[in-house]
Amino acid sequence: MYKKRKSLKSFLSLNFYNDELFSRNSMNTIIRALLEPVANQNASSIMFVRFKNKEGLEGLIKRLEYCTNVEMIDTNSSGVLIKDDYVELEFIIFTSARYNFALLWDYSEDKNKNYTKGFFLANSRNVNDVYEVLQANMNTDYRSRFYLHKPERRENELLNEALFNVFKKLNNSIEENLYKNTDDFVVDLSDDDNIEEKIREQTHEIKNQLSVLDVYCTLLEKQTGKNKNIEMIKKASSMISISLGELKNYDESIHEIILQDVIEESVSIMDAVLLQHKNKIVFLNTYNFDIKIYANENKMLSVLNNLLKNADEAANNDEITVELNVDKHYVYIDITNHGKPIEEHIRKRIFDKGFTTKSKGSGIGLYSVKNILSKYSAKIELLKSTPNGTTFRISFPLG
């Protein structure tokens with residue numbers, strides 16, 4: 001893919017994430033996260049580094065230099081590179097039996113704010129291609145030593161997306177620290193305080209109404225006995241209450257969950273809702289063992305409910321299917337309806353924030369689904385949309 005490009009300078013100019021800038025602090029944090037296990041375990045590995053500024057990483061680098069099983073080649077050293085045309089480029093290209101990655105960044109775009117444009121790959125065969133570009137500019141042939149450590153790799157787009165999300169989250173959390181010595185960054189928290197106060201007030205009011213709803217559900221049960229409809233109302237009320245609690249506490253803890261159980265619960269919740277369009281849901285599960293993933297159960301319920309609601313609104317008198325499949329690398333959840341196909345010009349925008357085709361839509365649903373899944377290294381895609389059916393696929397990486 002990259003072997004025809006003879007310099008990292010040209011490689012970077014074509015592969016930066018457009019308009020995405022990260023702080024040096026964010027970059028240093030992710031470097032430490034990736035290399036601390038290596039330093040702690042003295043894992044057999046090889047890395048090529050170029051640091052123009054080692055501030056914040058000196059201790060880690062020193063520890064790695066003393067690791068007997070870690071071979072670190074500093075390309076700043078004289079005689080390593082045939083030519084030095086990398087401008088402000090810094091990088092780490094690393095491989096071991098456990099994992100590999102390439103991080104490349106350039107601070108020349110916005111030095112004053114200490115921001116960088118960056119490119120990265122993790123656990124991907126394309127790390128080899130980045131290394132080959134570097135190797136083409138070095139005096140010594142390191143290929144035999146580099147590939148000696150090569151783990152079993154596959155394309156891992158999901159992991160790269162997850163790493164990108166980590167960058168963004170880190171950047172948001174430390175951004176204000178970058179401007180502490182300048183006058184051009186002033187934070188006014190008054191609006192944020194007002195927003196938080198409004199959230200607390202509205203949460204309190206909604207919970208009051210939910211309490212009233214629970215009382216009436218109890219009265220209905222006494223009058224008519226327990227039935228599925230009342231149970232669904234109580235379950236929906238409980239989920240709203242949980243969501244309101246998340247607004248205040250923002251609990252997104254991740255645990256091991258059984259995927260079949262979550263899907264069955266979502267199907268149970270949405271089954272009565274779909275009756276208004278005379279639709280029904282069928283869960284296709286051919287596996288007699290538990291399929292486990294790491295996620296937040298309530299968030300996954302929210303994702304599935306959202307997708308089933310969309311499928312319901314797109315069809316009438318339909319059999320909506322939720323199909324579970326597993327291969328060597330992924331768990332797939334396919335949700336299919338047989339309504340009108342999504343028009344071609346809309347397909348590329350359906351996951352964009354604020355985009356909607358509904359007269360009263362907010363454009364948040366699928367955007368939110370995509371963001372939630374990205375936190376679990378999972379992704380969602382529109383697999384197909386034809387007269388024979390529209391399928392959205394969720395992919396969870398295994399291992």
# chains A, B, ... in the order shown; residues from 1 in each chain; ligands from 1

$ residues_around --residues "Ile281 (chain A)" --least-positions-apart "3" --cutoff "10 Å" --atoms "only C-alpha atoms" --output "list in words"
Val267, Ser268, Met270, Asp271, Ala272, Leu274, Leu275, Leu284, Leu308, Ala311, Asp312, Asp318, Glu319, Ile320, Thr321, Val322, Ile335, Thr336 and Asn337 of chain A

$ write_last_selection --atoms "C-alpha atoms" --output "JSON list (two decimals), in the first residue's frame"
[["chain", "number", "residue", "atom", "x", "y", "z"],
["A", 267, "VAL", "CA", -36.45, -8.06, 21.83],
["A", 268, "SER", "CA", -38.74, -8.52, 24.83],
["A", 270, "MET", "CA", -39.48, -3.81, 21.86],
["A", 271, "ASP", "CA", -41.87, -6.62, 20.97],
["A", 272, "ALA", "CA", -44.96, -4.77, 22.22],
["A", 274, "LEU", "CA", -43.63, -3.06, 17.22],
["A", 275, "LEU", "CA", -47.26, -4.11, 17.35],
["A", 284, "LEU", "CA", -32.00, -16.00, 15.03],
["A", 308, "LEU", "CA", -35.08, -2.04, 16.42],
["A", 311, "ALA", "CA", -36.37, -0.94, 11.77],
["A", 312, "ASP", "CA", -39.96, -0.81, 13.04],
["A", 318, "ASP", "CA", -42.87, -7.09, 8.56],
["A", 319, "GLU", "CA", -40.73, -9.76, 10.19],
["A", 320, "ILE", "CA", -37.72, -7.94, 11.58],
["A", 321, "THR", "CA", -34.82, -10.28, 12.26],
["A", 322, "VAL", "CA", -31.94, -10.02, 14.72],
["A", 335, "ILE", "CA", -30.73, -6.34, 12.19],
["A", 336, "THR", "CA", -32.85, -6.58, 9.04],
["A", 337, "ASN", "CA", -36.18, -5.08, 7.98]]

$ residues_around --residues "region 288-305 of chain A" --least-positions-apart "5" --cutoff "9 Å" --atoms "only C-alpha atoms" --output "ChimeraX atom specification"
/A:239,242-243,251-263,265-267,269-270,310,326,331,335,365-366,368-370,372-373,375-376,396-398

$ residues_around --residues "region 39-41 of chain A" --least-positions-apart "6" --cutoff "8 Å" --atoms "only C-alpha atoms" --output "number ranges by chain"
A: 60, 63-64, 67

$ residues_around --residues "Ser96 (chain A)" --least-positions-apart "4" --cutoff "12 Å" --atoms "only C-alpha atoms" --output "PyMOL selection string"
chain A and resi 34-35+37-38+41-47+69-71+100-101+122-123+127+145-153

$ closest_residue --among "A:Ser395, A:Asn306, A:Ala314, A:Pro387" --to "Asp334 (chain A)" --atoms "only C-alpha atoms"
A:Ser395

$ closest_residue --among "A:Asn371, A:Asn137, A:Ser77, A:Thr390" --to "Lys52 (chain A)" --atoms "only C-alpha atoms"
A:Ser77

$ atom_distance --atom1 "CA of Ile233 (chain A)" --atom2 "CA of Glu264 (chain A)"
16.9 Å

$ atom_distance --atom1 "CA of Glu343 (chain A)" --atom2 "CA of Thr386 (chain A)"
9.4 Å

$ select_by_dssp --residues "region 53-147 of chain A" --states "strand (DSSP E or B)" --output "PyMOL selection string"
chain A and resi 70-74+81+89-96+100-110+115-122+138
